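**Q** One file: run_16.txt (compact mmCIF, C-alpha atoms and all ligand atoms).
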# COMPACT_ATOMS: atom_id res chain seq x y z
CA MET A 3 15.65 -9.08 -9.48
CA SER A 4 12.57 -9.37 -11.64
CA LEU A 5 13.20 -11.03 -14.96
CA ASN A 6 9.68 -10.54 -16.20
CA HIS A 7 10.92 -8.80 -19.35
CA VAL A 8 12.28 -12.16 -20.52
CA ARG A 9 9.39 -14.12 -19.00
CA PRO A 10 6.28 -12.38 -20.31
CA TRP A 11 4.08 -15.23 -19.10
CA ARG A 12 4.68 -13.94 -15.57
CA ASN A 13 3.42 -10.42 -16.26
CA ILE A 14 0.37 -9.04 -14.47
CA TYR A 15 -1.11 -5.84 -15.86
CA ARG A 16 -2.71 -3.93 -12.99
CA ARG A 17 -5.98 -2.15 -13.53
CA LYS A 18 -5.43 1.59 -13.52
CA SER A 19 -6.96 3.13 -10.43
CA ARG A 20 -6.88 6.50 -8.74
CA GLN A 21 -4.52 6.77 -5.81
CA ILE A 22 -5.73 7.71 -2.34
CA MET A 23 -3.96 7.96 0.98
CA VAL A 24 -4.71 5.93 4.07
CA GLY A 25 -2.61 7.90 6.52
CA ASP A 26 0.89 7.73 5.02
CA VAL A 27 0.16 4.60 2.98
CA ALA A 28 -0.72 5.16 -0.68
CA VAL A 29 -3.44 2.84 -2.01
CA GLY A 30 -4.12 2.51 -5.72
CA GLY A 31 -2.29 3.80 -8.78
CA ASP A 32 1.17 2.27 -8.89
CA ALA A 33 1.51 1.93 -5.10
CA PRO A 34 2.43 -1.54 -3.82
CA ILE A 35 -0.65 -3.62 -2.98
CA ALA A 36 -1.16 -2.92 0.72
CA VAL A 37 -1.76 -5.77 3.16
CA GLN A 38 -4.36 -5.25 5.87
CA THR A 39 -5.74 -7.12 8.81
CA MET A 40 -8.17 -6.40 11.62
CA THR A 41 -7.85 -6.68 15.38
CA ASN A 42 -10.16 -8.99 17.32
CA THR A 43 -9.47 -7.68 20.83
CA LEU A 44 -11.92 -5.42 22.63
CA THR A 45 -11.12 -1.97 21.29
CA THR A 46 -11.62 -0.58 24.79
CA ASP A 47 -8.71 -2.78 25.93
CA VAL A 48 -6.13 -0.39 24.54
CA ALA A 49 -3.05 -2.37 25.66
CA ALA A 50 -4.28 -5.63 24.09
CA THR A 51 -5.36 -3.89 20.88
CA VAL A 52 -2.09 -1.98 20.51
CA ALA A 53 -0.15 -5.24 21.11
CA GLN A 54 -2.15 -6.91 18.36
CA VAL A 55 -1.65 -3.98 15.97
CA GLN A 56 2.10 -4.08 16.70
CA ALA A 57 2.31 -7.85 16.11
CA ALA A 58 0.45 -7.45 12.81
CA ALA A 59 2.74 -4.58 11.78
CA ASP A 60 5.82 -6.67 12.68
CA ALA A 61 4.47 -9.41 10.42
CA GLY A 62 4.22 -6.85 7.59
CA ALA A 63 0.71 -5.35 7.83
CA ASP A 64 0.66 -1.94 6.16
CA ILE A 65 -2.74 -0.93 7.57
CA VAL A 66 -4.82 -2.31 10.48
CA ARG A 67 -8.58 -2.01 11.00
CA VAL A 68 -10.16 -1.66 14.41
CA SER A 69 -13.86 -2.01 15.20
CA VAL A 70 -15.56 1.00 16.79
CA PRO A 71 -18.93 -0.21 18.06
CA ASP A 72 -19.55 2.34 20.84
CA GLU A 73 -18.47 5.66 22.29
CA ALA A 74 -15.99 4.08 24.71
CA SER A 75 -14.27 2.47 21.70
CA SER A 76 -14.04 5.89 19.98
CA LYS A 77 -12.22 7.19 23.06
CA ALA A 78 -9.88 4.18 23.11
CA LEU A 79 -9.27 4.64 19.37
CA LYS A 80 -7.48 7.92 20.01
CA GLU A 81 -4.87 6.20 22.17
CA ILE A 82 -4.58 3.26 19.78
CA VAL A 83 -3.93 5.63 16.86
CA ARG A 84 -1.26 7.43 18.90
CA GLU A 85 0.56 4.18 19.74
CA SER A 86 0.14 2.43 16.39
CA PRO A 87 3.09 2.12 13.99
CA VAL A 88 0.67 1.85 11.02
CA PRO A 89 -2.44 3.77 9.88
CA ILE A 90 -5.65 2.68 11.58
CA VAL A 91 -8.96 2.18 9.78
CA ALA A 92 -12.06 2.56 11.97
CA ASP A 93 -14.78 0.03 11.26
CA ILE A 94 -18.16 1.75 11.61
CA HIS A 95 -21.60 0.27 11.10
CA PHE A 96 -24.72 2.39 10.86
CA HIS A 97 -23.98 4.89 13.65
CA TYR A 98 -22.93 8.17 12.12
CA ARG A 99 -21.68 9.60 15.45
CA ARG A 100 -19.05 6.84 15.66
CA GLY A 101 -17.84 7.90 12.22
CA ILE A 102 -17.39 11.50 13.31
CA GLU A 103 -15.72 10.47 16.58
CA ALA A 104 -13.34 8.11 14.76
CA ALA A 105 -12.29 10.81 12.30
CA GLU A 106 -11.70 13.18 15.22
CA ALA A 107 -9.73 10.45 17.04
CA GLY A 108 -7.23 10.31 14.17
CA ALA A 109 -8.40 7.30 12.18
CA ALA A 110 -6.70 7.29 8.77
CA CYS A 111 -9.78 5.85 7.09
CA LEU A 112 -13.40 5.07 7.93
CA ARG A 113 -14.96 1.86 6.76
CA ILE A 114 -18.51 3.07 6.45
CA ASN A 115 -21.32 2.85 3.93
CA PRO A 116 -22.71 6.36 3.50
CA GLY A 117 -26.09 5.03 2.36
CA ASN A 118 -26.59 3.25 5.68
CA ILE A 119 -26.00 6.02 8.19
CA GLY A 120 -29.23 7.95 8.03
CA ASP A 121 -30.45 11.16 6.44
CA GLU A 122 -28.52 13.53 4.22
CA LYS A 123 -27.58 15.83 7.09
CA ARG A 124 -25.87 12.99 8.96
CA VAL A 125 -24.06 11.83 5.85
CA LYS A 126 -22.79 15.38 5.26
CA GLU A 127 -21.55 15.61 8.84
CA VAL A 128 -19.55 12.37 8.56
CA ILE A 129 -18.06 13.41 5.21
CA LYS A 130 -17.14 16.81 6.65
CA ALA A 131 -15.42 15.14 9.62
CA ALA A 132 -13.51 12.84 7.26
CA ARG A 133 -12.46 15.80 5.09
CA ASP A 134 -11.47 17.98 8.07
CA HIS A 135 -9.27 15.21 9.52
CA ASN A 136 -7.61 13.90 6.32
CA CYS A 137 -9.45 10.68 6.66
CA SER A 138 -10.29 8.55 3.64
CA ILE A 139 -13.33 6.28 3.40
CA ARG A 140 -13.76 2.66 2.42
CA ILE A 141 -17.16 1.74 1.10
CA GLY A 142 -17.62 -1.84 2.22
CA VAL A 143 -20.39 -3.60 0.30
CA ASN A 144 -21.11 -7.05 1.73
CA ALA A 145 -23.37 -9.68 0.14
CA GLY A 146 -24.74 -10.47 3.59
CA SER A 147 -25.98 -6.96 4.27
CA LEU A 148 -27.27 -5.63 0.95
CA GLU A 149 -29.90 -2.90 1.04
CA LYS A 150 -33.51 -4.06 1.09
CA HIS A 151 -34.49 -2.35 -2.15
CA LEU A 152 -31.68 -4.14 -4.01
CA LEU A 153 -32.62 -7.53 -2.58
CA GLU A 154 -36.20 -6.86 -3.68
CA LYS A 155 -35.06 -5.79 -7.14
CA TYR A 156 -32.66 -8.71 -7.72
CA GLY A 157 -34.26 -11.39 -5.52
CA GLU A 158 -30.96 -12.45 -3.90
CA PRO A 159 -27.42 -11.18 -3.43
CA CYS A 160 -25.86 -11.29 -6.90
CA PRO A 161 -22.94 -9.49 -8.56
CA GLU A 162 -25.22 -6.90 -10.20
CA ALA A 163 -26.86 -6.03 -6.87
CA MET A 164 -23.48 -5.66 -5.18
CA VAL A 165 -22.12 -3.43 -7.95
CA GLU A 166 -25.28 -1.30 -7.86
CA SER A 167 -25.00 -0.97 -4.07
CA GLY A 168 -21.37 0.11 -4.43
CA LEU A 169 -22.21 2.67 -7.10
CA GLU A 170 -25.03 4.12 -4.98
CA HIS A 171 -22.62 4.69 -2.09
CA ILE A 172 -20.01 6.10 -4.45
CA ARG A 173 -22.56 8.56 -5.84
CA ILE A 174 -23.30 9.91 -2.36
CA LEU A 175 -19.62 10.62 -1.75
CA GLN A 176 -19.14 12.16 -5.20
CA ASP A 177 -22.26 14.33 -4.78
CA ASN A 178 -20.54 15.68 -1.68
CA ASP A 179 -17.34 16.28 -3.66
CA PHE A 180 -15.51 13.61 -1.65
CA HIS A 181 -13.14 11.48 -3.73
CA GLU A 182 -10.70 9.96 -1.23
CA PHE A 183 -12.44 6.61 -1.16
CA LYS A 184 -11.83 2.98 -2.00
CA ILE A 185 -14.35 0.20 -2.30
CA SER A 186 -14.82 -3.47 -1.52
CA VAL A 187 -17.61 -5.83 -2.64
CA LYS A 188 -17.12 -8.87 -0.44
CA ALA A 189 -18.97 -12.15 -0.22
CA SER A 190 -18.12 -15.45 1.44
CA ASP A 191 -18.77 -17.19 -1.88
CA VAL A 192 -15.72 -17.08 -4.11
CA PHE A 193 -17.69 -16.96 -7.39
CA LEU A 194 -19.97 -14.16 -6.19
CA SER A 195 -17.04 -12.14 -4.87
CA ALA A 196 -14.98 -12.57 -8.01
CA ALA A 197 -17.88 -11.58 -10.30
CA ALA A 198 -18.81 -8.58 -8.13
CA TYR A 199 -15.20 -7.38 -8.03
CA GLN A 200 -14.88 -7.67 -11.82
CA GLY A 201 -18.06 -5.65 -12.19
CA ILE A 202 -17.02 -2.89 -9.82
CA ALA A 203 -13.52 -2.80 -11.35
CA GLU A 204 -15.08 -1.92 -14.70
CA ALA A 205 -17.56 0.56 -13.27
CA THR A 206 -15.22 2.83 -11.29
CA ASP A 207 -11.60 3.93 -11.13
CA ALA A 208 -11.64 3.93 -7.33
CA PRO A 209 -8.94 1.84 -5.66
CA ILE A 210 -10.22 -1.62 -4.75
CA HIS A 211 -9.94 -3.34 -1.40
CA LEU A 212 -10.07 -7.11 -1.98
CA GLY A 213 -11.36 -9.70 0.42
CA ILE A 214 -13.37 -12.89 0.64
CA THR A 215 -15.44 -12.30 3.74
CA GLU A 216 -15.94 -14.93 6.46
CA ALA A 217 -13.61 -17.20 4.53
CA GLY A 218 -13.24 -19.71 7.37
CA GLY A 219 -10.44 -21.17 9.46
CA LEU A 220 -6.73 -21.07 8.76
CA VAL A 221 -6.56 -23.82 6.14
CA SER A 222 -9.96 -23.53 4.43
CA GLY A 223 -9.95 -19.72 4.58
CA THR A 224 -6.44 -19.57 3.16
CA ILE A 225 -7.44 -21.77 0.24
CA LYS A 226 -10.63 -19.79 -0.47
CA SER A 227 -8.74 -16.51 -0.27
CA ALA A 228 -5.91 -17.77 -2.44
CA ILE A 229 -8.38 -18.84 -5.12
CA GLY A 230 -10.61 -15.76 -4.92
CA LEU A 231 -8.04 -13.03 -4.32
CA GLY A 232 -5.43 -14.88 -6.36
CA ASN A 233 -7.61 -14.90 -9.46
CA LEU A 234 -8.54 -11.25 -9.14
CA LEU A 235 -4.97 -10.14 -8.46
CA TRP A 236 -3.81 -12.19 -11.43
CA MET A 237 -6.35 -10.26 -13.56
CA GLY A 238 -4.77 -7.07 -12.25
CA ILE A 239 -7.64 -6.19 -9.91
CA GLY A 240 -6.92 -5.11 -6.34
CA ASP A 241 -5.00 -2.32 -4.63
CA THR A 242 -5.14 -3.53 -1.03
CA ILE A 243 -6.07 -6.91 0.40
CA ARG A 244 -7.36 -8.38 3.61
CA VAL A 245 -7.48 -12.12 4.11
CA SER A 246 -10.31 -12.86 6.58
CA LEU A 247 -9.58 -15.90 8.71
CA SER A 248 -10.96 -17.23 11.96
CA ALA A 249 -7.37 -17.10 13.18
CA ASP A 250 -4.79 -14.73 14.65
CA PRO A 251 -4.49 -11.47 12.63
CA VAL A 252 -0.78 -12.25 12.20
CA GLU A 253 -1.81 -15.35 10.22
CA GLU A 254 -3.99 -13.16 7.99
CA VAL A 255 -0.99 -10.96 7.25
CA LYS A 256 1.25 -13.93 6.52
CA VAL A 257 -1.32 -15.46 4.17
CA GLY A 258 -1.88 -12.09 2.46
CA TYR A 259 1.82 -11.76 1.83
CA GLU A 260 2.14 -15.32 0.60
CA ILE A 261 -0.63 -14.71 -1.97
CA LEU A 262 1.12 -11.56 -3.21
CA LYS A 263 4.51 -13.28 -3.17
CA SER A 264 3.18 -16.23 -5.18
CA LEU A 265 2.09 -13.79 -7.89
CA GLY A 266 5.32 -11.79 -7.74
CA LEU A 267 3.30 -8.70 -6.74
CA ARG A 268 5.17 -8.05 -3.50
CA HIS A 269 8.25 -9.45 -1.95
CA ARG A 270 9.07 -9.60 1.72
CA GLY A 271 11.24 -11.96 3.68
CA VAL A 272 12.53 -15.37 2.72
CA ASN A 273 10.63 -17.28 0.07
CA ILE A 274 11.33 -20.91 0.99
CA ILE A 275 11.17 -23.42 -1.83
CA SER A 276 11.06 -26.90 -0.36
CA CYS A 277 10.16 -30.36 -1.57
CA PRO A 278 7.42 -32.44 0.05
CA SER A 279 10.06 -35.08 0.94
CA CYS A 280 9.96 -38.81 0.30
CA ALA A 281 12.00 -41.93 0.98
CA ARG A 282 14.95 -40.42 -0.90
CA GLN A 283 15.38 -37.51 1.51
CA GLY A 284 18.86 -37.14 2.95
CA PHE A 285 17.55 -35.27 6.05
CA ASP A 286 14.17 -34.52 7.66
CA VAL A 287 12.86 -31.90 5.21
CA ILE A 288 9.56 -31.19 6.99
CA LYS A 289 11.08 -30.56 10.45
CA THR A 290 13.90 -28.52 8.91
CA VAL A 291 11.52 -26.25 6.99
CA GLU A 292 9.33 -25.77 10.06
CA ALA A 293 12.39 -24.76 12.10
CA LEU A 294 13.74 -22.47 9.37
CA GLU A 295 10.38 -20.72 8.92
CA GLN A 296 10.48 -19.75 12.58
CA ARG A 297 14.18 -18.93 12.73
CA LEU A 298 13.96 -16.69 9.64
CA GLU A 299 10.81 -14.75 10.54
CA HIS A 300 12.90 -11.67 11.37
CA ILE A 301 14.30 -11.36 7.83
CA LYS A 302 12.44 -8.70 5.86
CA THR A 303 14.76 -8.60 2.84
CA PRO A 304 13.19 -10.33 -0.16
CA MET A 305 15.26 -13.40 -0.96
CA SER A 306 14.92 -17.09 -1.74
CA LEU A 307 16.04 -20.30 -0.06
CA SER A 308 15.71 -23.84 -1.40
CA ILE A 309 15.58 -26.76 0.99
CA ILE A 310 15.45 -29.95 -1.04
CA GLY A 311 15.68 -33.52 0.24
CA CYS A 312 17.92 -35.03 -2.44
CA VAL A 313 19.77 -34.49 -5.70
CA VAL A 314 16.73 -35.33 -7.87
CA ASN A 315 15.58 -31.69 -7.74
CA GLY A 316 18.02 -30.02 -5.34
CA PRO A 317 20.71 -28.67 -7.72
CA GLY A 318 18.06 -27.44 -10.21
CA GLU A 319 16.09 -25.53 -7.58
CA ALA A 320 19.30 -24.18 -6.00
CA LEU A 321 20.26 -22.67 -9.37
CA MET A 322 17.41 -20.16 -8.96
CA THR A 323 17.73 -19.34 -5.26
CA ASP A 324 20.04 -17.13 -3.18
CA VAL A 325 20.84 -19.88 -0.69
CA GLY A 326 20.16 -23.59 -1.06
CA PHE A 327 20.66 -26.88 0.69
CA THR A 328 20.35 -30.27 -0.94
CA GLY A 329 20.45 -33.53 1.00
CA GLY A 330 23.14 -36.01 0.08
CA GLY A 331 24.54 -39.14 1.65
CA ALA A 332 26.37 -39.93 4.86
CA GLY A 333 24.59 -37.41 7.10
CA SER A 334 25.53 -34.30 5.16
CA GLY A 335 24.39 -32.22 2.21
CA MET A 336 25.53 -29.51 -0.16
CA VAL A 337 25.14 -25.78 0.50
CA TYR A 338 24.55 -23.64 -2.60
CA LEU A 339 25.23 -19.92 -2.70
CA ALA A 340 23.91 -17.79 -5.57
CA GLY A 341 23.05 -20.96 -7.47
CA LYS A 342 26.49 -22.58 -7.23
CA ALA A 343 27.56 -25.57 -5.13
CA SER A 344 29.67 -24.02 -2.37
CA HIS A 345 30.48 -26.44 0.47
CA LYS A 346 29.31 -29.51 2.33
CA MET A 347 27.59 -29.26 5.70
CA SER A 348 26.58 -31.96 8.17
CA ASN A 349 22.84 -32.37 8.70
CA ASP A 350 23.04 -31.76 12.46
CA GLN A 351 24.62 -28.32 12.04
CA MET A 352 22.73 -27.39 8.92
CA ILE A 353 19.88 -25.33 10.42
CA ASP A 354 22.18 -22.96 12.34
CA HIS A 355 24.43 -22.74 9.31
CA ILE A 356 21.61 -21.94 6.86
CA VAL A 357 20.30 -19.23 9.22
CA GLU A 358 23.79 -17.67 9.23
CA GLU A 359 24.11 -17.87 5.44
CA VAL A 360 20.64 -16.31 4.96
CA GLU A 361 21.42 -13.50 7.42
CA LYS A 362 24.72 -12.84 5.61
CA LYS A 363 23.01 -12.76 2.22
CA ALA A 364 20.24 -10.48 3.53
CA ALA A 365 22.82 -8.01 4.88
CA GLU A 366 24.63 -8.10 1.52
CA LEU A 367 21.40 -7.48 -0.43
CA ASP A 368 20.43 -4.64 1.94
CA ALA A 369 23.86 -2.99 1.48
CA THR A 370 23.58 -3.26 -2.33
CA ALA A 371 20.06 -1.79 -2.24
CA GLU A 372 21.22 1.08 -0.01
CA ALA A 373 24.18 1.86 -2.26
CA ALA A 374 21.86 1.98 -5.27
CA GLU A 375 19.55 4.56 -3.64
S1 LIG B 401 13.54 -33.77 -4.06
FE1 LIG B 401 14.17 -35.84 -3.48
S2 LIG B 401 13.54 -36.05 -1.37
FE2 LIG B 401 12.42 -34.31 -2.16
S3 LIG B 401 10.50 -35.18 -2.83
FE3 LIG B 401 11.83 -35.12 -4.61
S4 LIG B 401 12.80 -37.12 -4.70
FE4 LIG B 401 11.91 -36.89 -2.63
Please lay out the structure from this file as structure tokens.
**A**
Amino acid sequence: MSLNHVRPWRNIYRRKSRQIMVGDVAVGGDAPIAVQTMTNTLTTDVAATVAQVQAAADAGADIVRVSVPDEASSKALKEIVRESPVPIVADIHFHYRRGIEAAEAGAACLRINPGNIGDEKRVKEVIKAARDHNCSIRIGVNAGSLEKHLLEKYGEPCPEAMVESGLEHIRILQDNDFHEFKISVKASDVFLSAAAYQGIAEATDAPIHLGITEAGGLVSGTIKSAIGLGNLLWMGIGDTIRVSLSADPVEEVKVGYEILKSLGLRHRGVNIISCPSCARQGFDVIKTVEALEQRLEHIKTPMSLSIIGCVVNGPGEALMTDVGFTGGGAGSGMVYLAGKASHKMSNDQMIDHIVEEVEKKAAELDATAEAAE
């Protein structure tokens, strides 16, 4: 349960944005901040792409983006949309025909920049296709592909140029009476991204898709994203996020959730609080946490678990968690339930036992939530 009313220093005041729909997922307004990722299979390989979409959805992705570079991919997209458990965003660059085909294939959203797809007639055709097929649009401004006239005006990619680019694309959609759009202003530089996002957040009430583009590999990209997205989310900016990593899309989803969980913006699965371990540890904390992370991946219920090596911090952390284990002496430790010391458990049976206790608690929390509905 959130206790933010007695802990005002934890409050985040979200920027007020319009709400749009991406398929059946609401983005913006008071909707939960949606987590996205993108497939990296060949879109024409329908089986591989659907498997990747499914894995991402199982990890908690609310929306998945798929690249549509050619006509064969547009055809494959239709099947992918049919098989997908979550709304699919079609990633389109420059070619207006792909945009029309993707809307016809059932994409829930087009990631397309209307200023980059040719003359007014083509733009109108894409917007009409989006409207006819209940398809929203994401304007995706990227520091690496800013329009020539803006680079000439500003000399280099800068926050002002990115905001101006975004507003130009927005104007095209609004001039065509199309309002189901969200916007991103991504850069691989954290400072540039953060400044551009703050600028666009002030300039429009459109929902904002957050991302640090080309952030890097699993560790460096996670850190960059946590700093960039974390700061913006903390300021209340952001309605949907995608963490871009040179890693499996499932990792992007996990990192996205961890960022939101750290800020108390979304809760899913077991939040494990564990100590780094030291010579005082009563059991192997690192191996235990690794094993528990894997064994508890199937739990979707938001709950907390503390795994602490010794009594220095164990009882204190256990006070605030649903289930806890604190190392003790003689090959065993103390299990805590709802913050209270409950019973002793030997180290060699502890992992199985903690999994059971967490599953029991999750079932109990689910039943309470169901009864309250
Ligand atoms: S809780 Fe105990 S085992 Fe863990 S790091 Fe602190 S002193 Fe070391």
**Q** Rounded to one decimal in Å, what is the spacing between CA of Ala131 (chain A) and CA of Pro209 (chain A)?
**A** 21.3 Å
**Q** Grab me every residue within 12 Å of ligand LIG 401 (chain B), counting only C-alpha atoms and all ligand atoms, and send it over as a ChimeraX atom specification.
**A** /A:275-288,308-320,327-331
**Q** Might you pull out every residue within 9 Å of Gly240 (chain A), with only C-alpha atoms counted and same-chain residues fewer than 6 positions away left off, and present them as a list in words?
**A**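 So, after excluding close chain neighbours, the residues are Arg16, Arg17, Gly30, Ile35, Tyr199, Ala203, Pro209, Ile210, His211, Leu212, Leu231 and Leu234 of chain A.
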**Q** Name the residues in contact with Pro71 (chain A) at a cut-off of 10 Å, using only C-alpha atoms, excluding same-chain residues fewer than 5 positions from it; report them as a PyMOL selection string.
**A** chain A and resi 44-46+76+92-97+100
**Q** Filtering to C-alpha atoms, could you give me those residues as a tab-separated table (two decimals), keeping the file's coordinate frame?
**A**
chain	number	residue	atom	x	y	z
A	44	LEU	CA	-11.92	-5.42	22.63
A	45	THR	CA	-11.12	-1.97	21.29
A	46	THR	CA	-11.62	-0.58	24.79
A	76	SER	CA	-14.04	5.89	19.98
A	92	ALA	CA	-12.06	2.56	11.97
A	93	ASP	CA	-14.78	0.03	11.26
A	94	ILE	CA	-18.16	1.75	11.61
A	95	HIS	CA	-21.60	0.27	11.10
A	96	PHE	CA	-24.72	2.39	10.86
A	97	HIS	CA	-23.98	4.89	13.65
A	100	ARG	CA	-19.05	6.84	15.66
**Q** Pick out the closest residue to Val66 (chain A) from this set: A:Asn144, A:Asn118, A:Thr242, A:Asn233. Count only C-alpha atoms.
**A**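 Between A:Asn144, A:Asn118, A:Thr242, A:Asn233, the residue approaching Val66 (chain A) most closely is A:Thr242.
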**Q** Taking (-16.8, 12.5, -2.2) in the file's coordinates as the center, which residues reach within 12 Å of it, counting all atoms listed in the file, put as number ranges by chain?
**A** A: 116, 125-126, 128-130, 132-133, 137-141, 171-184, 208
**Q** Mind writing the picked residues with C-alpha atoms as a PDB file, in the coordinates of the input?
**A**
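Listing of selection-v8.pdb after writing:
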ATOM      1  CA  PRO A 116     -22.710   6.360   3.500  1.00  0.00           C
ATOM      2  CA  VAL A 125     -24.060  11.830   5.850  1.00  0.00           C
ATOM      3  CA  LYS A 126     -22.790  15.380   5.260  1.00  0.00           C
ATOM      4  CA  VAL A 128     -19.550  12.370   8.560  1.00  0.00           C
ATOM      5  CA  ILE A 129     -18.060  13.410   5.210  1.00  0.00           C
ATOM      6  CA  LYS A 130     -17.140  16.810   6.650  1.00  0.00           C
ATOM      7  CA  ALA A 132     -13.510  12.840   7.260  1.00  0.00           C
ATOM      8  CA  ARG A 133     -12.460  15.800   5.090  1.00  0.00           C
ATOM      9  CA  CYS A 137      -9.450  10.680   6.660  1.00  0.00           C
ATOM     10  CA  SER A 138     -10.290   8.550   3.640  1.00  0.00           C
ATOM     11  CA  ILE A 139     -13.330   6.280   3.400  1.00  0.00           C
ATOM     12  CA  ARG A 140     -13.760   2.660   2.420  1.00  0.00           C
ATOM     13  CA  ILE A 141     -17.160   1.740   1.100  1.00  0.00           C
ATOM     14  CA  HIS A 171     -22.620   4.690  -2.090  1.00  0.00           C
ATOM     15  CA  ILE A 172     -20.010   6.100  -4.450  1.00  0.00           C
ATOM     16  CA  ARG A 173     -22.560   8.560  -5.840  1.00  0.00           C
ATOM     17  CA  ILE A 174     -23.300   9.910  -2.360  1.00  0.00           C
ATOM     18  CA  LEU A 175     -19.620  10.620  -1.750  1.00  0.00           C
ATOM     19  CA  GLN A 176     -19.140  12.160  -5.200  1.00  0.00           C
ATOM     20  CA  ASP A 177     -22.260  14.330  -4.780  1.00  0.00           C
ATOM     21  CA  ASN A 178     -20.540  15.680  -1.680  1.00  0.00           C
ATOM     22  CA  ASP A 179     -17.340  16.280  -3.660  1.00  0.00           C
ATOM     23  CA  PHE A 180     -15.510  13.610  -1.650  1.00  0.00           C
ATOM     24  CA  HIS A 181     -13.140  11.480  -3.730  1.00  0.00           C
ATOM     25  CA  GLU A 182     -10.700   9.960  -1.230  1.00  0.00           C
ATOM     26  CA  PHE A 183     -12.440   6.610  -1.160  1.00  0.00           C
ATOM     27  CA  LYS A 184     -11.830   2.980  -2.000  1.00  0.00           C
ATOM     28  CA  ALA A 208     -11.640   3.930  -7.330  1.00  0.00           C
TER      29      ALA A 208
END
**Q** Have a look at CA of Glu375 (chain A) and CA of Gly271 (chain A) and let me know their distance in Å, one decimal.
**A**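 CA of Gly271 (chain A) lies at a distance of 19.9 Å from CA of Glu375 (chain A).
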**Q** Which residues, written as an MDAnalysis selection string, have at least one atom at most 9 Å from Thr51 (chain A), with all atoms listed in the file counted and residues fewer than 4 positions away on the same chain left out?
**A** chainID A and resid 41:47 55:56 68 82
**Q** Would you work out the distance separating CA of Thr215 (chain A) from CA of Glu295 (chain A), expressed in Å to one decimal?
**A**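 Separating CA of Thr215 (chain A) from CA of Glu295 (chain A) is a distance of 27.6 Å.
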**Q** With all atoms listed in the file counted, which protein, DNA or RNA residues have an atom no more than 9 Å from (-5.0, -13.4, 14.2) in the file frame? Please answer as a CSV table (one decimal) with C-alpha atoms, in the frame of the given file.
**A**
chain,number,residue,atom,x,y,z
A,39,THR,CA,-5.7,-7.1,8.8
A,40,MET,CA,-8.2,-6.4,11.6
A,41,THR,CA,-7.8,-6.7,15.4
A,42,ASN,CA,-10.2,-9.0,17.3
A,54,GLN,CA,-2.2,-6.9,18.4
A,58,ALA,CA,0.4,-7.4,12.8
A,247,LEU,CA,-9.6,-15.9,8.7
A,248,SER,CA,-11.0,-17.2,12.0
A,249,ALA,CA,-7.4,-17.1,13.2
A,250,ASP,CA,-4.8,-14.7,14.6
A,251,PRO,CA,-4.5,-11.5,12.6
A,252,VAL,CA,-0.8,-12.2,12.2
A,253,GLU,CA,-1.8,-15.4,10.2
A,254,GLU,CA,-4.0,-13.2,8.0
A,255,VAL,CA,-1.0,-11.0,7.2
**Q** Mind checking which residues fall within 9 Å of Gly266 (chain A), counting only C-alpha atoms, ignoring those fewer than 3 positions away in the same chain, and posting them as a PyMOL selection string?
**A** chain A and resi 4+12-14+261-263+269
**Q** Take the residues that were just selected and, keeping C-alpha atoms, output them as a short mmCIF file (atom, residue, chain, number, x, y, z; two decimals), keeping the file's coordinate frame.
**A**
data_model
loop_
_atom_site.label_atom_id
_atom_site.label_comp_id
_atom_site.auth_asym_id
_atom_site.auth_seq_id
_atom_site.Cartn_x
_atom_site.Cartn_y
_atom_site.Cartn_z
CA SER A 4 12.57 -9.37 -11.64
CA ARG A 12 4.68 -13.94 -15.57
CA ASN A 13 3.42 -10.42 -16.26
CA ILE A 14 0.37 -9.04 -14.47
CA ILE A 261 -0.63 -14.71 -1.97
CA LEU A 262 1.12 -11.56 -3.21
CA LYS A 263 4.51 -13.28 -3.17
CA HIS A 269 8.25 -9.45 -1.95
#
**Q** With distances taken over all atoms listed in the file, which of A:Glu299, A:Glu162, A:Asp26, A:Asp134 is nearest to Ser195 (chain A)?
**A** A:Glu162
**Q** Around all the atoms of region 351-370 of chain A listed in the file, draw an axis-aligned box and extend it by 4 Å on each of the six sides; I want its centre and edge lengths in Å to one decimal, as AutoDock Vina command-line options.
**A**
--center_x 22.3 --center_y -15.7 --center_z 5.0 --size_x 12.8 --size_y 33.3 --size_z 22.7
**Q** Residues near Tyr338 (chain A), anyone? I mean within 6 Å using only C-alpha atoms, not counting same-chain ones fewer than 3 positions away, as an MDAnalysis selection string.
**A** chainID A and resid 325:326 341:344
**Q** Which residue gives the smallest distance to His300 (chain A) among A:Leu169, A:Met347, A:Leu339, A:Val360, with only C-alpha atoms counted?
**A**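 The shortest atom-to-atom distance to His300 (chain A) comes from A:Val360.
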**Q** Counting all atoms listed in the file, figure out which residue out of A:Ala33, A:Ile229, A:Ala53, A:Ala104 gets nearest to Asp72 (chain A).
**A** A:Ala104
**Q** Using only C-alpha atoms, can you tell me which of A:Gly168, A:Ala196, A:Asp207, A:Asn115 comes closest to Met237 (chain A)?
**A** A:Ala196
**Q** Using only C-alpha atoms, which of A:Gly31, A:Gly258, A:Pro10, A:Gly335 sits nearest Gly223 (chain A)?
**A**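 Among A:Gly31, A:Gly258, A:Pro10, A:Gly335, it is A:Gly258 that comes nearest to Gly223 (chain A).
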